[in-house]
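Peer 1: Quick one, run.pdb (PDB, N, CA and C atoms):
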```pdb
ATOM      1  N   MET A   1     118.567  32.088 238.564  1.00  0.00           N
ATOM      2  CA  MET A   1     118.294  33.451 238.157  1.00  0.00           C
ATOM      3  C   MET A   1     119.153  33.798 236.948  1.00  0.00           C
ATOM      4  N   SER A   2     118.611  34.633 236.100  1.00  0.00           N
ATOM      5  CA  SER A   2     119.318  35.098 234.920  1.00  0.00           C
ATOM      6  C   SER A   2     120.578  35.851 235.337  1.00  0.00           C
ATOM      7  N   LEU A   3     121.620  35.716 234.521  1.00  0.00           N
ATOM      8  CA  LEU A   3     122.836  36.479 234.792  1.00  0.00           C
ATOM      9  C   LEU A   3     122.604  37.962 234.527  1.00  0.00           C
ATOM     10  N   ASN A   4     121.657  38.248 233.653  1.00  0.00           N
ATOM     11  CA  ASN A   4     121.305  39.633 233.360  1.00  0.00           C
ATOM     12  C   ASN A   4     120.131  40.038 234.235  1.00  0.00           C
ATOM     13  N   PHE A   5     120.377  40.974 235.127  1.00  0.00           N
ATOM     14  CA  PHE A   5     119.286  41.447 235.965  1.00  0.00           C
ATOM     15  C   PHE A   5     119.525  42.897 236.328  1.00  0.00           C
ATOM     16  N   ILE A   6     118.438  43.563 236.672  1.00  0.00           N
ATOM     17  CA  ILE A   6     118.528  44.925 237.186  1.00  0.00           C
ATOM     18  C   ILE A   6     117.744  44.982 238.485  1.00  0.00           C
ATOM     19  N   GLU A   7     118.089  45.954 239.314  1.00  0.00           N
ATOM     20  CA  GLU A   7     117.370  46.183 240.564  1.00  0.00           C
ATOM     21  C   GLU A   7     116.722  47.555 240.499  1.00  0.00           C
ATOM     22  N   ILE A   8     115.444  47.590 240.834  1.00  0.00           N
ATOM     23  CA  ILE A   8     114.717  48.848 240.880  1.00  0.00           C
ATOM     24  C   ILE A   8     113.982  48.940 242.202  1.00  0.00           C
ATOM     25  N   GLU A   9     113.636  50.154 242.578  1.00  0.00           N
ATOM     26  CA  GLU A   9     112.915  50.380 243.835  1.00  0.00           C
ATOM     27  C   GLU A   9     111.548  50.968 243.526  1.00  0.00           C
ATOM     28  N   MET A  10     110.519  50.369 244.080  1.00  0.00           N
ATOM     29  CA  MET A  10     109.159  50.839 243.892  1.00  0.00           C
ATOM     30  C   MET A  10     108.813  51.799 245.024  1.00  0.00           C
ATOM     31  N   ARG A  11     108.345  53.002 244.648  1.00  0.00           N
ATOM     32  CA  ARG A  11     107.960  54.008 245.641  1.00  0.00           C
ATOM     33  C   ARG A  11     106.588  54.560 245.296  1.00  0.00           C
ATOM     34  N   ASP A  12     105.847  54.879 246.321  1.00  0.00           N
ATOM     35  CA  ASP A  12     104.561  55.542 246.156  1.00  0.00           C
ATOM     36  C   ASP A  12     104.801  57.040 246.302  1.00  0.00           C
ATOM     37  N   VAL A  13     104.576  57.788 245.220  1.00  0.00           N
ATOM     38  CA  VAL A  13     104.787  59.233 245.226  1.00  0.00           C
ATOM     39  C   VAL A  13     103.439  59.901 244.983  1.00  0.00           C
ATOM     40  N   TYR A  14     102.862  60.446 246.055  1.00  0.00           N
ATOM     41  CA  TYR A  14     101.552  61.099 245.982  1.00  0.00           C
ATOM     42  C   TYR A  14     100.510  60.194 245.327  1.00  0.00           C
ATOM     43  N   GLY A  15     100.521  58.918 245.708  1.00  0.00           N
ATOM     44  CA  GLY A  15      99.533  57.969 245.208  1.00  0.00           C
ATOM     45  C   GLY A  15      99.858  57.354 243.859  1.00  0.00           C
ATOM     46  N   VAL A  16     101.006  57.707 243.289  1.00  0.00           N
ATOM     47  CA  VAL A  16     101.431  57.161 241.999  1.00  0.00           C
ATOM     48  C   VAL A  16     102.640  56.265 242.231  1.00  0.00           C
ATOM     49  N   THR A  17     102.592  55.029 241.715  1.00  0.00           N
ATOM     50  CA  THR A  17     103.715  54.111 241.853  1.00  0.00           C
ATOM     51  C   THR A  17     104.794  54.486 240.847  1.00  0.00           C
ATOM     52  N   LYS A  18     106.013  54.682 241.346  1.00  0.00           N
ATOM     53  CA  LYS A  18     107.164  55.016 240.503  1.00  0.00           C
ATOM     54  C   LYS A  18     108.233  53.954 240.719  1.00  0.00           C
ATOM     55  N   TYR A  19     109.014  53.695 239.671  1.00  0.00           N
ATOM     56  CA  TYR A  19     110.078  52.694 239.716  1.00  0.00           C
ATOM     57  C   TYR A  19     111.416  53.385 239.487  1.00  0.00           C
ATOM     58  N   TYR A  20     112.245  53.404 240.527  1.00  0.00           N
ATOM     59  CA  TYR A  20     113.523  54.081 240.483  1.00  0.00           C
ATOM     60  C   TYR A  20     114.655  53.075 240.292  1.00  0.00           C
ATOM     61  N   PRO A  21     115.616  53.389 239.427  1.00  0.00           N
ATOM     62  CA  PRO A  21     116.759  52.488 239.252  1.00  0.00           C
ATOM     63  C   PRO A  21     117.615  52.443 240.518  1.00  0.00           C
ATOM     64  N   VAL A  22     118.106  51.254 240.842  1.00  0.00           N
ATOM     65  CA  VAL A  22     118.971  51.080 242.003  1.00  0.00           C
ATOM     66  C   VAL A  22     120.395  50.762 241.547  1.00  0.00           C
ATOM     67  N   CYS A  23     120.540  49.840 240.620  1.00  0.00           N
ATOM     68  CA  CYS A  23     121.868  49.428 240.157  1.00  0.00           C
ATOM     69  C   CYS A  23     122.278  50.220 238.914  1.00  0.00           C
ATOM     70  N   GLU A  24     123.533  50.118 238.545  1.00  0.00           N
ATOM     71  CA  GLU A  24     124.063  50.863 237.404  1.00  0.00           C
ATOM     72  C   GLU A  24     123.369  50.488 236.093  1.00  0.00           C
ATOM     73  N   LYS A  25     123.089  49.195 235.894  1.00  0.00           N
ATOM     74  CA  LYS A  25     122.422  48.776 234.655  1.00  0.00           C
ATOM     75  C   LYS A  25     121.037  49.407 234.547  1.00  0.00           C
ATOM     76  N   ALA A  26     120.318  49.468 235.641  1.00  0.00           N
ATOM     77  CA  ALA A  26     118.998  50.093 235.640  1.00  0.00           C
ATOM     78  C   ALA A  26     119.122  51.584 235.337  1.00  0.00           C
ATOM     79  N   CYS A  27     120.165  52.220 235.853  1.00  0.00           N
ATOM     80  CA  CYS A  27     120.403  53.633 235.569  1.00  0.00           C
ATOM     81  C   CYS A  27     120.677  53.853 234.085  1.00  0.00           C
ATOM     82  N   VAL A  28     121.405  52.934 233.476  1.00  0.00           N
ATOM     83  CA  VAL A  28     121.679  53.026 232.038  1.00  0.00           C
ATOM     84  C   VAL A  28     120.382  52.935 231.249  1.00  0.00           C
ATOM     85  N   PHE A  29     119.513  52.004 231.611  1.00  0.00           N
ATOM     86  CA  PHE A  29     118.227  51.884 230.924  1.00  0.00           C
ATOM     87  C   PHE A  29     117.408  53.168 231.082  1.00  0.00           C
ATOM     88  N   ALA A  30     117.440  53.773 232.252  1.00  0.00           N
ATOM     89  CA  ALA A  30     116.704  55.023 232.469  1.00  0.00           C
ATOM     90  C   ALA A  30     117.284  56.141 231.596  1.00  0.00           C
ATOM     91  N   ARG A  31     118.615  56.206 231.497  1.00  0.00           N
ATOM     92  CA  ARG A  31     119.234  57.222 230.639  1.00  0.00           C
ATOM     93  C   ARG A  31     118.859  56.998 229.178  1.00  0.00           C
ATOM     94  N   ILE A  32     118.844  55.744 228.735  1.00  0.00           N
ATOM     95  CA  ILE A  32     118.443  55.436 227.358  1.00  0.00           C
ATOM     96  C   ILE A  32     117.005  55.895 227.117  1.00  0.00           C
ATOM     97  N   ALA A  33     116.136  55.674 228.119  1.00  0.00           N
ATOM     98  CA  ALA A  33     114.732  56.068 228.003  1.00  0.00           C
ATOM     99  C   ALA A  33     114.553  57.576 228.158  1.00  0.00           C
ATOM    100  N   GLY A  34     115.599  58.280 228.608  1.00  0.00           N
ATOM    101  CA  GLY A  34     115.513  59.722 228.798  1.00  0.00           C
ATOM    102  C   GLY A  34     114.702  60.116 230.019  1.00  0.00           C
ATOM    103  N   THR A  35     114.695  59.240 231.041  1.00  0.00           N
ATOM    104  CA  THR A  35     113.914  59.495 232.243  1.00  0.00           C
ATOM    105  C   THR A  35     114.755  59.228 233.490  1.00  0.00           C
ATOM    106  N   THR A  36     114.246  59.671 234.631  1.00  0.00           N
ATOM    107  CA  THR A  36     114.912  59.358 235.899  1.00  0.00           C
ATOM    108  C   THR A  36     114.281  58.129 236.550  1.00  0.00           C
ATOM    109  N   THR A  37     113.068  57.791 236.117  1.00  0.00           N
ATOM    110  CA  THR A  37     112.391  56.589 236.604  1.00  0.00           C
ATOM    111  C   THR A  37     112.115  55.681 235.417  1.00  0.00           C
ATOM    112  N   LEU A  38     111.749  54.433 235.714  1.00  0.00           N
ATOM    113  CA  LEU A  38     111.404  53.484 234.657  1.00  0.00           C
ATOM    114  C   LEU A  38     109.901  53.268 234.664  1.00  0.00           C
ATOM    115  N   THR A  39     109.286  53.355 233.496  1.00  0.00           N
ATOM    116  CA  THR A  39     107.850  53.120 233.393  1.00  0.00           C
ATOM    117  C   THR A  39     107.587  51.623 233.279  1.00  0.00           C
ATOM    118  N   LYS A  40     106.328  51.240 233.474  1.00  0.00           N
ATOM    119  CA  LYS A  40     105.965  49.832 233.313  1.00  0.00           C
ATOM    120  C   LYS A  40     106.282  49.353 231.900  1.00  0.00           C
ATOM    121  N   GLU A  41     106.055  50.200 230.915  1.00  0.00           N
ATOM    122  CA  GLU A  41     106.345  49.825 229.521  1.00  0.00           C
ATOM    123  C   GLU A  41     107.839  49.630 229.301  1.00  0.00           C
ATOM    124  N   THR A  42     108.660  50.511 229.871  1.00  0.00           N
ATOM    125  CA  THR A  42     110.113  50.356 229.756  1.00  0.00           C
ATOM    126  C   THR A  42     110.568  49.069 230.424  1.00  0.00           C
ATOM    127  N   ILE A  43     110.019  48.759 231.592  1.00  0.00           N
ATOM    128  CA  ILE A  43     110.366  47.523 232.296  1.00  0.00           C
ATOM    129  C   ILE A  43     109.971  46.313 231.459  1.00  0.00           C
ATOM    130  N   LYS A  44     108.822  46.380 230.814  1.00  0.00           N
ATOM    131  CA  LYS A  44     108.369  45.296 229.935  1.00  0.00           C
ATOM    132  C   LYS A  44     109.379  45.077 228.800  1.00  0.00           C
ATOM    133  N   GLN A  45     109.861  46.160 228.215  1.00  0.00           N
ATOM    134  CA  GLN A  45     110.838  46.059 227.125  1.00  0.00           C
ATOM    135  C   GLN A  45     112.179  45.511 227.629  1.00  0.00           C
ATOM    136  N   ILE A  46     112.575  45.892 228.822  1.00  0.00           N
ATOM    137  CA  ILE A  46     113.816  45.382 229.418  1.00  0.00           C
ATOM    138  C   ILE A  46     113.711  43.868 229.601  1.00  0.00           C
ATOM    139  N   LYS A  47     112.549  43.399 230.039  1.00  0.00           N
ATOM    140  CA  LYS A  47     112.338  41.958 230.216  1.00  0.00           C
ATOM    141  C   LYS A  47     112.423  41.220 228.881  1.00  0.00           C
ATOM    142  N   LEU A  48     112.004  41.876 227.794  1.00  0.00           N
ATOM    143  CA  LEU A  48     112.109  41.266 226.468  1.00  0.00           C
ATOM    144  C   LEU A  48     113.564  41.063 226.049  1.00  0.00           C
ATOM    145  N   LEU A  49     114.466  41.818 226.662  1.00  0.00           N
ATOM    146  CA  LEU A  49     115.905  41.649 226.415  1.00  0.00           C
ATOM    147  C   LEU A  49     116.502  40.561 227.299  1.00  0.00           C
ATOM    148  N   ASP A  50     115.644  39.789 227.945  1.00  0.00           N
ATOM    149  CA  ASP A  50     116.034  38.668 228.799  1.00  0.00           C
ATOM    150  C   ASP A  50     116.719  39.110 230.094  1.00  0.00           C
ATOM    151  N   TYR A  51     116.286  40.245 230.609  1.00  0.00           N
ATOM    152  CA  TYR A  51     116.750  40.698 231.913  1.00  0.00           C
ATOM    153  C   TYR A  51     115.704  40.348 232.956  1.00  0.00           C
ATOM    154  N   ALA A  52     116.169  39.872 234.092  1.00  0.00           N
ATOM    155  CA  ALA A  52     115.288  39.690 235.242  1.00  0.00           C
ATOM    156  C   ALA A  52     115.227  41.043 235.957  1.00  0.00           C
ATOM    157  N   VAL A  53     114.065  41.380 236.477  1.00  0.00           N
ATOM    158  CA  VAL A  53     113.890  42.652 237.168  1.00  0.00           C
ATOM    159  C   VAL A  53     113.567  42.367 238.627  1.00  0.00           C
ATOM    160  N   ILE A  54     114.446  42.810 239.513  1.00  0.00           N
ATOM    161  CA  ILE A  54     114.257  42.633 240.941  1.00  0.00           C
ATOM    162  C   ILE A  54     113.683  43.937 241.484  1.00  0.00           C
ATOM    163  N   ILE A  55     112.479  43.846 242.045  1.00  0.00           N
ATOM    164  CA  ILE A  55     111.797  45.039 242.552  1.00  0.00           C
ATOM    165  C   ILE A  55     111.869  45.060 244.069  1.00  0.00           C
ATOM    166  N   LYS A  56     112.452  46.109 244.593  1.00  0.00           N
ATOM    167  CA  LYS A  56     112.513  46.310 246.035  1.00  0.00           C
ATOM    168  C   LYS A  56     111.460  47.337 246.409  1.00  0.00           C
ATOM    169  N   VAL A  57     110.758  47.087 247.494  1.00  0.00           N
ATOM    170  CA  VAL A  57     109.725  48.018 247.952  1.00  0.00           C
ATOM    171  C   VAL A  57     110.332  48.890 249.040  1.00  0.00           C
ATOM    172  N   ARG A  58     110.283  50.181 248.828  1.00  0.00           N
ATOM    173  CA  ARG A  58     110.826  51.121 249.811  1.00  0.00           C
ATOM    174  C   ARG A  58     109.870  51.228 250.980  1.00  0.00           C
ATOM    175  N   GLU A  59     110.386  51.054 252.163  1.00  0.00           N
ATOM    176  CA  GLU A  59     109.595  51.204 253.365  1.00  0.00           C
ATOM    177  C   GLU A  59     109.392  52.681 253.645  1.00  0.00           C
ATOM    178  N   PRO A  60     108.174  53.097 253.961  1.00  0.00           N
ATOM    179  CA  PRO A  60     107.935  54.507 254.262  1.00  0.00           C
ATOM    180  C   PRO A  60     108.790  54.961 255.450  1.00  0.00           C
ATOM    181  N   GLN A  61     109.370  56.126 255.329  1.00  0.00           N
ATOM    182  CA  GLN A  61     110.176  56.706 256.399  1.00  0.00           C
ATOM    183  C   GLN A  61     109.322  57.715 257.153  1.00  0.00           C
ATOM    184  N   LEU A  62     109.672  57.963 258.372  1.00  0.00           N
ATOM    185  CA  LEU A  62     108.967  58.958 259.153  1.00  0.00           C
ATOM    186  C   LEU A  62     109.075  60.296 258.444  1.00  0.00           C
ATOM    187  N   GLY A  63     107.945  60.922 258.186  1.00  0.00           N
ATOM    188  CA  GLY A  63     107.948  62.204 257.481  1.00  0.00           C
ATOM    189  C   GLY A  63     107.658  62.063 256.007  1.00  0.00           C
ATOM    190  N   ASP A  64     107.607  60.830 255.473  1.00  0.00           N
ATOM    191  CA  ASP A  64     107.282  60.627 254.041  1.00  0.00           C
ATOM    192  C   ASP A  64     105.815  60.806 253.805  1.00  0.00           C
TER     193      ASP A  64
END
```
Now that the file is in, can you turn its structure into structure tokens?
Peer 2:
Amino acid sequence: MSLNFIEIEMRDVYGVTKYYPVCEKACVFARIAGTTTLTKETIKQIKLLDYAVIIKVREPQLGD
């Protein structure tokens, strides 16, 4: 695995897939993008910087 990686969490929000930063590096990328979530296009650009992207799927919680 690449030494450069970020972790993000995939969530379904009202039928729309959103990608939330989990680690500090992912949070930095979101701040650079001026967003609280990362878009598919932003993730694509992050990968061009030779970062591996680890996507965690959030399990639905009772009441979600």
Peer 1: Which residues come within 6 Å of segment 38-52 of chain A, counting all atoms listed in the file, excluding same-chain residues fewer than 6 positions away, as a short mmCIF file (atom, residue, chain, number, x, y, z; two decimals) with N, CA and C atoms, in the frame of the given file?
Peer 2:
```cif
data_model
loop_
_atom_site.label_atom_id
_atom_site.label_comp_id
_atom_site.auth_asym_id
_atom_site.auth_seq_id
_atom_site.Cartn_x
_atom_site.Cartn_y
_atom_site.Cartn_z
N SER A 2 118.61 34.63 236.10
CA SER A 2 119.32 35.10 234.92
C SER A 2 120.58 35.85 235.34
N ASN A 4 121.66 38.25 233.65
CA ASN A 4 121.30 39.63 233.36
C ASN A 4 120.13 40.04 234.24
N PHE A 5 120.38 40.97 235.13
CA PHE A 5 119.29 41.45 235.96
C PHE A 5 119.52 42.90 236.33
N ILE A 6 118.44 43.56 236.67
CA ILE A 6 118.53 44.92 237.19
C ILE A 6 117.74 44.98 238.48
N TYR A 19 109.01 53.70 239.67
CA TYR A 19 110.08 52.69 239.72
C TYR A 19 111.42 53.38 239.49
N TYR A 20 112.24 53.40 240.53
CA TYR A 20 113.52 54.08 240.48
C TYR A 20 114.66 53.08 240.29
N PRO A 21 115.62 53.39 239.43
CA PRO A 21 116.76 52.49 239.25
C PRO A 21 117.62 52.44 240.52
N ALA A 30 117.44 53.77 232.25
CA ALA A 30 116.70 55.02 232.47
C ALA A 30 117.28 56.14 231.60
#
```
Peer 1: I'd like to know which of A:Arg58, A:Gly34, A:Val53, A:Glu24 is closest to Asp12 of chain A, using only C-alpha atoms.
Peer 2: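 Once distances to Asp12 of chain A are computed over only C-alpha atoms, the minimum belongs to A:Arg58.
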Peer 1: Do you have the atom N of Tyr14 of chain A-atom C of Ile54 of chain A distance handy?
Peer 2: 20.3 Å
Peer 1: If you run DSSP over the backbone, which residues in chain A end up strand (DSSP E)? Put them as a list in words.
Peer 2: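 Checking each residue of chain A, the strand (DSSP E) ones are Phe5, Ile6, Glu7, Ile8, Glu9, Met10, Arg11, Asp12, Val13, Val16, Thr17, Lys18, Tyr19, Tyr20, Pro21, Ala52, Val53, Ile54, Ile55, Lys56 and Val57 of chain A.
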Peer 1: When DSSP works through the backbone of this structure, what residues of chain A end up as alpha helix (DSSP H), shown as a PyMOL selection string?
Peer 2: chain A and resi 24-33+40-48
Peer 1: Atom N of Glu9 of chain A and atom CA of Thr37 of chain A are how many Å apart?
Peer 2: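 Here the two named atoms are 8.9 Å from each other.
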